[in-house]
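Input: a single structure, listed below in structure tokens.
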Amino acid sequence: GAVVSQHPSRVICKSGTSVKIECRSLDFQATTMFWYRQFPKKSLMLMATSNEGSKATYEQGVEKDKFLINHASLTLSTLTVTSAHPEDSSFYICSASGTGSGPYEQYFGPGTRLTVT
Amino acid sequence: AQSVSQHNHHVILSEAASLELGCNYSYGGTVNLFWYVQYPGQHLQLLLKYFSGDPLVKGIKGFEAEFIKSKFSFNLRKPSVQWSDTAEYFCAVNSGTYKYIFGTGTRLKVLA
């Protein structure tokens, strides 16, 4: 089956610094990748959708200058949280779809736990 | 706007009990429906999906779900749960695109 990895799995950073999270599709070409944020005891909130080689489409209320998304290749997308603050602490999950995935089906990465101190 | 409702936020069952988790969606067009499971500390895994055809869908680990179009529902069922089914379950819907709308999730705890 399609496998999506994320790195790092956990990261702790200081307030004001930036942190980058990588999402990779390991065995298929991900034409579209999605970034979600999962709050404790709540559902996944879609932050943005990115297509390879083009700018990401952000959901309403998500600051695109704060959450920089790059999808430079068919196997890699990155999310950079810039000038992180404690309220950015959360669980960030990526997913991917593309060749090898079922119609309109997403495959999810294991998530990255970000803690901003 | 599309939305997905999971009315059971927390469910506690004893082993061997039957399970039914509700999922209702609001969208009038053609939909694709999914159930995902998230075990503690692990990533989302697909349990089952419905695109078309037989509205009774069989998934992994003995789970099944029934699509009832007239009720806009896609309830998840399992005849006999096990302790290892303790997890959070998410219903998701999309409508001809890759963009999912997720329900708020149901936390299931199975007592041994």
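Labeling convention for the structure tokens: chains A, B, ... as they appear, residues from 1 per chain, ligands from 1 in order of appearance.
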*Residues of chain B within 6 Å of chain A, only C-alpha atoms counted, as a list in words*: His43, Thr97, Tyr98, Thr104 and Gly105 of chain B
Pick out each residue of chain B that DSSP on the backbone tags as helix (DSSP H, G or I); I need them as a list in words.
Ile60, Lys61, Gly62, Lys69, Ser70, Lys71, Trp83, Ser84 and Asp85 of chain B
Selection from above, N, CA, C and O atoms, as a PDB file, in the first residue's frame, can you write it?
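File selection.pdb, as written:
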ATOM      1  N   ILE B  60     -11.382  -3.767   6.985  1.00  0.00           N
ATOM      2  CA  ILE B  60     -10.410  -4.606   7.668  1.00  0.00           C
ATOM      3  C   ILE B  60     -10.840  -4.838   9.102  1.00  0.00           C
ATOM      4  O   ILE B  60     -11.697  -4.117   9.638  1.00  0.00           O
ATOM      5  N   LYS B  61     -10.255  -5.860   9.716  1.00  0.00           N
ATOM      6  CA  LYS B  61     -10.435  -6.139  11.135  1.00  0.00           C
ATOM      7  C   LYS B  61     -11.877  -6.379  11.538  1.00  0.00           C
ATOM      8  O   LYS B  61     -12.262  -6.121  12.678  1.00  0.00           O
ATOM      9  N   GLY B  62     -12.689  -6.867  10.612  1.00  0.00           N
ATOM     10  CA  GLY B  62     -14.063  -7.227  10.924  1.00  0.00           C
ATOM     11  C   GLY B  62     -15.049  -6.076  10.940  1.00  0.00           C
ATOM     12  O   GLY B  62     -16.209  -6.247  11.322  1.00  0.00           O
ATOM     13  N   LYS B  69     -28.341   6.227   1.702  1.00  0.00           N
ATOM     14  CA  LYS B  69     -28.398   7.523   1.023  1.00  0.00           C
ATOM     15  C   LYS B  69     -29.537   8.391   1.532  1.00  0.00           C
ATOM     16  O   LYS B  69     -29.382   9.591   1.713  1.00  0.00           O
ATOM     17  N   SER B  70     -30.681   7.761   1.774  1.00  0.00           N
ATOM     18  CA  SER B  70     -31.860   8.524   2.186  1.00  0.00           C
ATOM     19  C   SER B  70     -31.681   9.144   3.565  1.00  0.00           C
ATOM     20  O   SER B  70     -32.335  10.131   3.905  1.00  0.00           O
ATOM     21  N   LYS B  71     -30.791   8.573   4.354  1.00  0.00           N
ATOM     22  CA  LYS B  71     -30.540   9.092   5.690  1.00  0.00           C
ATOM     23  C   LYS B  71     -29.228   9.854   5.779  1.00  0.00           C
ATOM     24  O   LYS B  71     -28.845  10.308   6.862  1.00  0.00           O
ATOM     25  N   TRP B  83     -10.431  -5.751  22.837  1.00  0.00           N
ATOM     26  CA  TRP B  83      -9.686  -4.725  23.563  1.00  0.00           C
ATOM     27  C   TRP B  83      -8.802  -3.929  22.601  1.00  0.00           C
ATOM     28  O   TRP B  83      -8.650  -2.714  22.742  1.00  0.00           O
ATOM     29  N   SER B  84      -8.269  -4.609  21.596  1.00  0.00           N
ATOM     30  CA  SER B  84      -7.368  -3.955  20.643  1.00  0.00           C
ATOM     31  C   SER B  84      -8.089  -2.972  19.719  1.00  0.00           C
ATOM     32  O   SER B  84      -7.431  -2.258  18.955  1.00  0.00           O
ATOM     33  N   ASP B  85      -9.394  -2.924  19.780  1.00  0.00           N
ATOM     34  CA  ASP B  85     -10.135  -1.942  18.981  1.00  0.00           C
ATOM     35  C   ASP B  85     -10.195  -0.579  19.658  1.00  0.00           C
ATOM     36  O   ASP B  85     -10.733   0.378  19.086  1.00  0.00           O
TER      37      ASP B  85
END
query = Leaving out Tyr27 (chain B) and any residue of its chain fewer than 6 positions from it, which residues lie within 12 Å of it when counting only C-alpha atoms, given as a list in words?
reply =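 That gives Ala1, Gln2, Ser3, Val4, Ser5, Leu33, Lys69, Ser70, Lys71, Phe72, Ser73, Val93, Asn94, Ser95, Gly96 and Ile101 of chain B.
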Of B:Thr30, B:His10, B:Leu108, B:Tyr100, the one sitting nearest Trp35 (chain A) when using only C-alpha atoms is B:Tyr100
* To do: May I have the residues within 8 Å of Arg107 (chain B) as a count of residues only, using only C-alpha atoms and disregarding those fewer than 3 positions away in the same chain?
  => 7
Query - For His7 (chain B): contacts at 10 Å, only C-alpha atoms, fewer than 6 positions along chain excluded, given as JSON, numbers by chain - result: {"B": [21, 22, 23, 24, 103, 104, 105, 106]}
Requested in this report: Would you please work out which residue, of A:Val11, A:Leu74, A:Val62, A:Val19, is nearest to Phe91 (chain A) when using only C-alpha atoms?
Outcome: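 Under the stated criterion, the closest residue is A:Val11.
Restricting the calculation to only C-alpha atoms, the smallest distance between Thr117 (chain A) and any of A:Ser83, A:Gln38, A:Asn51, A:Ser9 is found for A:Ser83.
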Identify, on the basis of only C-alpha atoms, every residue whose closest approach to region 46-56 of chain B does not exceed 7 Å; exclude the query and any residue fewer than 3 positions from it along the same chain; express the result as a PDB file with all heavy atoms, in the first residue's frame.
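part-v1.pdb, written as the output of this step:
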ATOM      1  N   ASN B  32     -18.136  10.305  -1.633  1.00  0.00           N
ATOM      2  CA  ASN B  32     -17.290   9.165  -1.279  1.00  0.00           C
ATOM      3  C   ASN B  32     -17.146   9.196   0.239  1.00  0.00           C
ATOM      4  O   ASN B  32     -16.989  10.271   0.830  1.00  0.00           O
ATOM      5  CB  ASN B  32     -15.917   9.273  -1.929  1.00  0.00           C
ATOM      6  CG  ASN B  32     -16.004   9.404  -3.433  1.00  0.00           C
ATOM      7  OD1 ASN B  32     -16.687   8.627  -4.087  1.00  0.00           O
ATOM      8  ND2 ASN B  32     -15.330  10.408  -3.975  1.00  0.00           N
ATOM      9  N   LEU B  33     -17.202   8.036   0.846  1.00  0.00           N
ATOM     10  CA  LEU B  33     -17.249   7.974   2.301  1.00  0.00           C
ATOM     11  C   LEU B  33     -16.146   7.086   2.838  1.00  0.00           C
ATOM     12  O   LEU B  33     -15.831   6.047   2.233  1.00  0.00           O
ATOM     13  CB  LEU B  33     -18.618   7.429   2.742  1.00  0.00           C
ATOM     14  CG  LEU B  33     -19.796   8.302   2.303  1.00  0.00           C
ATOM     15  CD1 LEU B  33     -21.034   7.461   2.078  1.00  0.00           C
ATOM     16  CD2 LEU B  33     -20.069   9.370   3.331  1.00  0.00           C
ATOM     17  N   PHE B  34     -15.581   7.481   3.952  1.00  0.00           N
ATOM     18  CA  PHE B  34     -14.438   6.774   4.520  1.00  0.00           C
ATOM     19  C   PHE B  34     -14.593   6.665   6.036  1.00  0.00           C
ATOM     20  O   PHE B  34     -15.169   7.541   6.679  1.00  0.00           O
ATOM     21  CB  PHE B  34     -13.134   7.537   4.246  1.00  0.00           C
ATOM     22  CG  PHE B  34     -12.894   7.869   2.796  1.00  0.00           C
ATOM     23  CD1 PHE B  34     -13.487   8.985   2.214  1.00  0.00           C
ATOM     24  CD2 PHE B  34     -12.053   7.088   2.029  1.00  0.00           C
ATOM     25  CE1 PHE B  34     -13.257   9.310   0.886  1.00  0.00           C
ATOM     26  CE2 PHE B  34     -11.811   7.402   0.700  1.00  0.00           C
ATOM     27  CZ  PHE B  34     -12.410   8.512   0.133  1.00  0.00           C
ATOM     28  N   TRP B  35     -14.065   5.603   6.584  1.00  0.00           N
ATOM     29  CA  TRP B  35     -13.836   5.498   8.019  1.00  0.00           C
ATOM     30  C   TRP B  35     -12.354   5.240   8.236  1.00  0.00           C
ATOM     31  O   TRP B  35     -11.762   4.345   7.631  1.00  0.00           O
ATOM     32  CB  TRP B  35     -14.642   4.354   8.639  1.00  0.00           C
ATOM     33  CG  TRP B  35     -16.036   4.731   9.027  1.00  0.00           C
ATOM     34  CD1 TRP B  35     -17.177   4.489   8.341  1.00  0.00           C
ATOM     35  CD2 TRP B  35     -16.436   5.398  10.229  1.00  0.00           C
ATOM     36  NE1 TRP B  35     -18.256   4.977   9.027  1.00  0.00           N
ATOM     37  CE2 TRP B  35     -17.832   5.534  10.188  1.00  0.00           C
ATOM     38  CE3 TRP B  35     -15.749   5.890  11.353  1.00  0.00           C
ATOM     39  CZ2 TRP B  35     -18.569   6.147  11.208  1.00  0.00           C
ATOM     40  CZ3 TRP B  35     -16.469   6.492  12.364  1.00  0.00           C
ATOM     41  CH2 TRP B  35     -17.860   6.606  12.293  1.00  0.00           C
ATOM     42  N   TYR B  36     -11.781   6.051   9.113  1.00  0.00           N
ATOM     43  CA  TYR B  36     -10.386   5.901   9.493  1.00  0.00           C
ATOM     44  C   TYR B  36     -10.311   5.577  10.982  1.00  0.00           C
ATOM     45  O   TYR B  36     -11.160   6.008  11.768  1.00  0.00           O
ATOM     46  CB  TYR B  36      -9.596   7.185   9.228  1.00  0.00           C
ATOM     47  CG  TYR B  36      -9.262   7.413   7.779  1.00  0.00           C
ATOM     48  CD1 TYR B  36     -10.147   8.071   6.934  1.00  0.00           C
ATOM     49  CD2 TYR B  36      -8.049   6.966   7.251  1.00  0.00           C
ATOM     50  CE1 TYR B  36      -9.835   8.283   5.596  1.00  0.00           C
ATOM     51  CE2 TYR B  36      -7.730   7.173   5.918  1.00  0.00           C
ATOM     52  CZ  TYR B  36      -8.622   7.833   5.100  1.00  0.00           C
ATOM     53  OH  TYR B  36      -8.310   8.032   3.792  1.00  0.00           O
ATOM     54  N   VAL B  37      -9.255   4.882  11.352  1.00  0.00           N
ATOM     55  CA  VAL B  37      -9.013   4.585  12.764  1.00  0.00           C
ATOM     56  C   VAL B  37      -7.631   5.121  13.138  1.00  0.00           C
ATOM     57  O   VAL B  37      -6.693   5.074  12.329  1.00  0.00           O
ATOM     58  CB  VAL B  37      -9.105   3.070  13.049  1.00  0.00           C
ATOM     59  CG1 VAL B  37      -8.085   2.278  12.245  1.00  0.00           C
ATOM     60  CG2 VAL B  37      -8.939   2.790  14.542  1.00  0.00           C
ATOM     61  N   GLY B  59     -14.740  -3.909   5.656  1.00  0.00           N
ATOM     62  CA  GLY B  59     -13.414  -3.353   5.799  1.00  0.00           C
ATOM     63  C   GLY B  59     -12.471  -4.322   6.488  1.00  0.00           C
ATOM     64  O   GLY B  59     -12.757  -5.508   6.598  1.00  0.00           O
ATOM     65  N   ILE B  60     -11.382  -3.767   6.985  1.00  0.00           N
ATOM     66  CA  ILE B  60     -10.410  -4.606   7.668  1.00  0.00           C
ATOM     67  C   ILE B  60     -10.840  -4.838   9.102  1.00  0.00           C
ATOM     68  O   ILE B  60     -11.697  -4.117   9.638  1.00  0.00           O
ATOM     69  CB  ILE B  60      -9.006  -3.967   7.636  1.00  0.00           C
ATOM     70  CG1 ILE B  60      -9.006  -2.604   8.350  1.00  0.00           C
ATOM     71  CG2 ILE B  60      -8.508  -3.828   6.202  1.00  0.00           C
ATOM     72  CD1 ILE B  60      -7.634  -2.011   8.539  1.00  0.00           C
ATOM     73  N   ALA B  65     -19.544  -1.085   7.182  1.00  0.00           N
ATOM     74  CA  ALA B  65     -20.335   0.139   7.259  1.00  0.00           C
ATOM     75  C   ALA B  65     -21.407   0.070   6.190  1.00  0.00           C
ATOM     76  O   ALA B  65     -21.225  -0.545   5.137  1.00  0.00           O
ATOM     77  CB  ALA B  65     -19.447   1.364   7.059  1.00  0.00           C
ATOM     78  N   GLU B  66     -22.515   0.724   6.469  1.00  0.00           N
ATOM     79  CA  GLU B  66     -23.622   0.736   5.527  1.00  0.00           C
ATOM     80  C   GLU B  66     -23.949   2.160   5.132  1.00  0.00           C
ATOM     81  O   GLU B  66     -24.188   3.024   5.987  1.00  0.00           O
ATOM     82  CB  GLU B  66     -24.855   0.068   6.131  1.00  0.00           C
ATOM     83  CG  GLU B  66     -26.008  -0.046   5.128  1.00  0.00           C
ATOM     84  CD  GLU B  66     -27.190  -0.819   5.663  1.00  0.00           C
ATOM     85  OE1 GLU B  66     -27.237  -1.080   6.881  1.00  0.00           O
ATOM     86  OE2 GLU B  66     -28.071  -1.147   4.848  1.00  0.00           O
ATOM     87  N   PHE B  67     -23.956   2.382   3.835  1.00  0.00           N
ATOM     88  CA  PHE B  67     -24.315   3.684   3.278  1.00  0.00           C
ATOM     89  C   PHE B  67     -25.823   3.693   3.066  1.00  0.00           C
ATOM     90  O   PHE B  67     -26.357   2.887   2.309  1.00  0.00           O
ATOM     91  CB  PHE B  67     -23.579   3.907   1.961  1.00  0.00           C
ATOM     92  CG  PHE B  67     -24.026   5.103   1.178  1.00  0.00           C
ATOM     93  CD1 PHE B  67     -24.141   6.349   1.776  1.00  0.00           C
ATOM     94  CD2 PHE B  67     -24.330   4.998  -0.174  1.00  0.00           C
ATOM     95  CE1 PHE B  67     -24.545   7.463   1.055  1.00  0.00           C
ATOM     96  CE2 PHE B  67     -24.733   6.108  -0.907  1.00  0.00           C
ATOM     97  CZ  PHE B  67     -24.836   7.336  -0.298  1.00  0.00           C
TER      98      PHE B  67
END
Next on the checklist: Can you measure CA of Arg113 (chain A) to CA of Val110 (chain B) for me? One decimal in Å is fine.
Outcome noted: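 Separation between CA of Arg113 (chain A) and CA of Val110 (chain B): 26.0 Å.
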Item checked: Shell of 6 Å around Arg24 (chain A), only C-alpha atoms, local chain residues under 5 positions omitted, as an MDAnalysis selection string -> chainID A and resid 4:5 75:76
Taking N, CA, C and O atoms for each residue, export the selection above as a short mmCIF file (atom, residue, chain, number, x, y, z; two decimals), in the first residue's frame.
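As written to disk, part_39.cif reads:
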data_model
loop_
_atom_site.label_atom_id
_atom_site.label_comp_id
_atom_site.auth_asym_id
_atom_site.auth_seq_id
_atom_site.Cartn_x
_atom_site.Cartn_y
_atom_site.Cartn_z
N VAL A 4 3.26 7.01 3.49
CA VAL A 4 3.64 8.41 3.65
C VAL A 4 4.41 8.54 4.96
O VAL A 4 3.96 8.04 6.00
N SER A 5 5.55 9.19 4.89
CA SER A 5 6.34 9.38 6.10
C SER A 5 6.42 10.85 6.45
O SER A 5 6.24 11.73 5.58
N THR A 75 7.38 13.76 -4.52
CA THR A 75 7.49 12.90 -3.35
C THR A 75 7.73 13.67 -2.06
O THR A 75 7.85 13.07 -1.00
N LEU A 76 7.79 14.99 -2.13
CA LEU A 76 8.15 15.76 -0.93
C LEU A 76 7.36 17.05 -0.84
O LEU A 76 7.28 17.82 -1.79
#
When DSSP works through the backbone of this structure, what residues of chain A end up as strand (DSSP E or B), shown as a ChimeraX atom specification?
/A:4-7,10-13,19-25,30-38,44-51,57-58,67-73,76-81,90-98,107-108,112-116
Using only C-alpha atoms, the best pick from A:Val3, A:Ile12, A:Ala84, A:Ala72 as closest to Thr31 (chain A) would be A:Ala72
Nearest to Gln6 (chain B), restricted to only C-alpha atoms and choosing among B:Gln82, B:Gln45, B:Ser18, B:Asn75, comes out as B:Asn75
* Asked: So how far away is CA of Leu13 (chain B) from CA of Val81 (chain B), in Å?
  ->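 Those two atoms sit 8.0 Å apart.
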